[in-house]
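What follows is a single structure, written as structure tokens, with notes after it.
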Amino acid sequence: MTVLEPTGLGSKPGTVMAGIHEKNYHVMPLSYLTQAAWFKLVGFGIPSMRFFAILWGLVALLCWKFIIEKLTGSGRIALVAAFLLAVDHAFLECATDGRPDIMSAALGALALALYLHWREAFLPRAIVAASALFSLSVLTHPMGGLAAVPLLLAYSLLDGKRFRFSHAALAAAPLAIAGAAYLAFILRDYVSFQAQFAINAGGRLDGLSHPFRALVDEVLVRYFERFYLPGYATGIARLRVLIIFGYWFALIWAIVAPDMRKTSRYRLLILAAAVDFIALALFDGTKSYFYIIHILPFLAGLLAVWLVSAWSKGPAGKLAAVALLGLMVFLQISWDVYAIYKNPYRNIYLPAVAFLREHAGSTASIIGSGELGFDLGFDANLRDDSSLGFYSGRKADFVVVDERAYKQSMLGYAAKAPDLDAYVKRLLSEEYTRVYDGPFYEIYQRKALAR
């Protein structure tokens, strides 16, 4: 990853990503491998990257429609659950970006779908297929490990009475093969793996030492601050928090409803949602919102069960079902439509790139976040370094500060690295002039060049 300055990570400024210019170990390898093949087939660029994610989103959507129908025995519930996911803004964001989360989640869903499909007639085949796809999910992203929860619950709740020791061996075989392949990959450059992966994983397990605080932050930070109720939300946007309240209402209802708890198929949905919520709280200290893609399908399934159940309970139930479904759909679709209307690719990204092309040309050096490389090229002219050269000593002709990565990183420098904070503020105010002030990107030019 030659575009990244080894000391320029905003989350851990000054820490060296050893070997990152030669080999990439800071994330799991399967998403890069499949994306590379995709780019070879359809061409390289942001739109093609997004379409790759969309295909995995469709796989996940179809799998969850099948899973919910298998578990509940109701095509109507499954259709409602699939509809809720299809309009869900969090699901759509994950299914249209370049991160590996949707691919990992889709592979986990496919593992569960195939297990449920084959378990009755061909249980050994179901176990091998589920284990193989689960392994691929983890090789795509470590959060794919959350798929183990519904898979283990499906086996224990639905097939526990059919247990054989051979089943454990069948499940272990694909895991062993995947583990051996990943170990061989690691051993090609263990020093780089140790440095890069440790940096990326650092702090993620902090919740284990402070579990109560981790659970509180799970709600306040991951769900509210990072997604459904951010500080910058105003007006109707603040009502979006009702979306997650709607999902949580369905989960709490399912937990307290005796018929739901006593039925193993419904109990699987309840336990998977609850256990994955706790696991995510304890094992991911970053509190990044995009990991909720692994929990949303269970919540959508439980909400669909409640909606169909309420619809069958007379006029009052029908009114309640229509009111809650209408509110959820209105909030989700209005959010989706607003995002489409803003069209940040055309209205924000491309104008900033056009400005850099016009004023920086092909020779000027640029510091900015990596996505600029899609149009400016991932070569020596562009360097992703949110420390702006504090550790490397490199100063660029142009600096691009974006709202999501660089600005958020810089807000934390005062607490993490006071010297770096002072350097960045002095550099931008004394040695650079702001020449572009867009809705997401600010572009600074060195004063010597500006003259």
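Naming scheme: A, B, ... for chains in displayed order of the structure tokens; residues 1 onward per chain; ligands 1 onward as shown.
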
key: Who sits within 8 Å of segment 144-150 of chain A, only C-alpha atoms, same chain under 5 positions skipped, as a ChimeraX atom specification   = /A:104-105,108-109,112,134,137-139,268-269,272,275-276,279,294

Take the residues from that selection and put them in a file with C-alpha atoms, as a short mmCIF file (atom, residue, chain, number, x, y, z; two decimals), in the first residue's frame.
data_model
loop_
_atom_site.label_atom_id
_atom_site.label_comp_id
_atom_site.auth_asym_id
_atom_site.auth_seq_id
_atom_site.Cartn_x
_atom_site.Cartn_y
_atom_site.Cartn_z
CA SER A 104 -17.87 -10.81 5.09
CA ALA A 105 -21.49 -10.50 6.24
CA GLY A 108 -21.64 -15.52 6.88
CA ALA A 109 -25.28 -15.33 5.77
CA LEU A 112 -26.20 -20.08 7.64
CA PHE A 134 -17.57 -19.15 7.70
CA SER A 137 -16.02 -14.78 5.98
CA VAL A 138 -13.29 -14.51 8.62
CA LEU A 139 -10.57 -14.37 5.94
CA LEU A 268 -32.21 -18.57 17.55
CA LEU A 269 -33.01 -15.08 16.24
CA ALA A 272 -28.13 -14.39 17.97
CA VAL A 275 -25.15 -12.41 21.91
CA ASP A 276 -23.77 -10.64 18.83
CA ALA A 279 -19.81 -9.67 21.54
CA HIS A 294 -23.76 -8.21 11.20
#

Using only C-alpha atoms, what does the table of segment 298-387 of chain A residues within 12 Å of segment 223-229 of chain A look like, with each row giving the shortest atom pair and its distance in Å to one decimal, sorted by chain and ascending number, as a tab-separated table?
residue	atom	partner	partner_atom	distance
A:Leu331	CA	A:Tyr228	CA	10.9
A:Gln332	CA	A:Tyr228	CA	10.9
A:Trp335	CA	A:Tyr228	CA	10.8

Exercise for the section: Please run DSSP on the backbone and report, as a list of chain:residue names, all residues within segment 263-431 of chain A that come out as strand (DSSP E or B). Expected result: A:Ile366, A:Ile367, A:Leu382, A:Arg383, A:Asp384, A:Phe398, A:Val399, A:Val400, A:Val401, A:Asp402

Using N, CA and C atoms, can you write the selected residues to a file as a PDB file, in the first residue's frame?
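Output (result_5.pdb):
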ATOM      1  N   ILE A 366       1.121  15.866  -3.055  1.00  0.00           N
ATOM      2  CA  ILE A 366      -0.161  16.046  -2.376  1.00  0.00           C
ATOM      3  C   ILE A 366      -0.210  15.120  -1.167  1.00  0.00           C
ATOM      4  N   ILE A 367      -0.648  15.663  -0.035  1.00  0.00           N
ATOM      5  CA  ILE A 367      -0.998  14.850   1.125  1.00  0.00           C
ATOM      6  C   ILE A 367      -2.515  14.864   1.240  1.00  0.00           C
ATOM      7  N   LEU A 382       1.056  11.324  -4.465  1.00  0.00           N
ATOM      8  CA  LEU A 382       0.030  11.334  -3.425  1.00  0.00           C
ATOM      9  C   LEU A 382       0.502  10.503  -2.244  1.00  0.00           C
ATOM     10  N   ARG A 383       0.405  11.078  -1.040  1.00  0.00           N
ATOM     11  CA  ARG A 383       0.781  10.354   0.173  1.00  0.00           C
ATOM     12  C   ARG A 383      -0.309  10.570   1.220  1.00  0.00           C
ATOM     13  N   ASP A 384      -0.813   9.474   1.771  1.00  0.00           N
ATOM     14  CA  ASP A 384      -1.832   9.521   2.818  1.00  0.00           C
ATOM     15  C   ASP A 384      -1.118   9.607   4.165  1.00  0.00           C
ATOM     16  N   PHE A 398       0.521  20.483  -1.704  1.00  0.00           N
ATOM     17  CA  PHE A 398      -0.894  20.656  -1.380  1.00  0.00           C
ATOM     18  C   PHE A 398      -1.275  19.683  -0.260  1.00  0.00           C
ATOM     19  N   VAL A 399      -2.150  20.135   0.618  1.00  0.00           N
ATOM     20  CA  VAL A 399      -2.691  19.298   1.689  1.00  0.00           C
ATOM     21  C   VAL A 399      -4.214  19.298   1.563  1.00  0.00           C
ATOM     22  N   VAL A 400      -4.807  18.118   1.579  1.00  0.00           N
ATOM     23  CA  VAL A 400      -6.259  17.978   1.480  1.00  0.00           C
ATOM     24  C   VAL A 400      -6.778  17.435   2.810  1.00  0.00           C
ATOM     25  N   VAL A 401      -7.587  18.221   3.489  1.00  0.00           N
ATOM     26  CA  VAL A 401      -8.163  17.819   4.779  1.00  0.00           C
ATOM     27  C   VAL A 401      -9.629  17.475   4.552  1.00  0.00           C
ATOM     28  N   ASP A 402      -9.987  16.207   4.782  1.00  0.00           N
ATOM     29  CA  ASP A 402     -11.378  15.788   4.615  1.00  0.00           C
ATOM     30  C   ASP A 402     -12.060  15.705   5.975  1.00  0.00           C
TER      31      ASP A 402
END

- For Glu22 of chain A, work out the shell of residues within 12 Å, counting only C-alpha atoms and skipping chain neighbours fewer than 5 positions away, then give it as a ChimeraX atom specification. /A:1-4,6,17,188-189,192-193,196

- Can you tell me, as a PyMOL selection string, what residues are no more than 12 Å from Asp217 of chain A when counting only C-alpha atoms, ignoring any on the same chain fewer than 6 positions away? chain A and resi 206-207+210-211+223-226+277-278+280-282+284-289

As a check of understanding: the span from atom CA of Ala237 of chain A to atom CA of Arg222 of chain A is 16.8 Å

Polymer residues at most 6 Å from segment 55-62 of chain A, only C-alpha atoms, same-chain spacing of 4 or more positions, as a ChimeraX atom specification: /A:95,103,106

How many Å lie between atom CA of Leu215 of chain A and atom CA of Asp336 of chain A, rounded to one decimal?
->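 These atoms are spaced 28.7 Å apart.
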
### Message
Which of segment 198-303 of chain A end up as helix (DSSP H, G or I) when DSSP is run on this backbone - answer as a PyMOL selection string?
### Response
chain A and resi 198-201+206-208+211-228+235-256+258-262+264-283+289-294+296-303

- Message: Could you list, as a VMD selection string, every residue within 9 Å of Arg99 of chain A, counting only C-alpha atoms and ignoring same-chain residues fewer than 5 positions away?
- Response: chain A and resid 31 53 94

How would the residues just picked look written out with N, CA and C atoms as a PDB file, in the first residue's frame?
ATOM      1  N   SER A  31     -10.682 -10.054   0.759  1.00  0.00           N
ATOM      2  CA  SER A  31     -11.410  -8.977   0.063  1.00  0.00           C
ATOM      3  C   SER A  31     -10.530  -8.325  -0.999  1.00  0.00           C
ATOM      4  N   ALA A  53     -19.486  -4.136  -4.189  1.00  0.00           N
ATOM      5  CA  ALA A  53     -20.163  -4.216  -2.889  1.00  0.00           C
ATOM      6  C   ALA A  53     -21.655  -4.477  -3.062  1.00  0.00           C
ATOM      7  N   CYS A  94     -23.345   0.001   3.814  1.00  0.00           N
ATOM      8  CA  CYS A  94     -22.348  -1.068   3.790  1.00  0.00           C
ATOM      9  C   CYS A  94     -22.335  -1.791   2.457  1.00  0.00           C
TER      10      CYS A  94
END

Taking only residues of segment 65-125 of chain A that have an atom at most 10 Å from an atom of segment 242-263 of chain A, what is each one's shortest atom pair and its distance in Å to one decimal, using only C-alpha atoms, in chain and number order, as a Markdown table?
| residue | atom | partner | partner_atom | distance |
| --- | --- | --- | --- | --- |
| A:Thr72 | CA | A:Thr263 | CA | 9.7 |
| A:Asp88 | CA | A:Ile243 | CA | 9.1 |
| A:His89 | CA | A:Ile243 | CA | 9.9 |

* Near-Met410 of chain A list (9 Å; only C-alpha atoms; drop same-chain fewer than 4 positions) as number ranges by chain -> A: 10, 386-387, 405-406, 414, 420-421, 424

If you take only C-alpha atoms and a cut-off of 10 Å, which residues of segment 43-94 of chain A touch segment 337-360 of chain A, and what are their nearest atom pairs and distances in Å to one decimal, in chain and number order, as CSV?
residue,atom,partner,partner_atom,distance
A:Ile46,CA,A:Tyr345,CA,8.9
A:Pro47,CA,A:Tyr345,CA,9.3
A:His89,CA,A:Ala339,CA,9.3
A:Glu93,CA,A:Ala339,CA,9.8

A:Leu428, A:Ile20, A:Val27, A:Ala178 ranked by distance to Tyr444 of chain A, top pick (using only C-alpha atoms):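 Under the stated criterion, the closest residue is A:Leu428.
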
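Across the structure, atom CA of Val128 of chain A and atom CA of Leu299 of chain A are spaced 27.2 Å apart.
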
Nearest to Ser166 of chain A, restricted to only C-alpha atoms and choosing among A:Ile127, A:Ser48, A:Tyr115, A:Arg204, comes out as A:Ile127
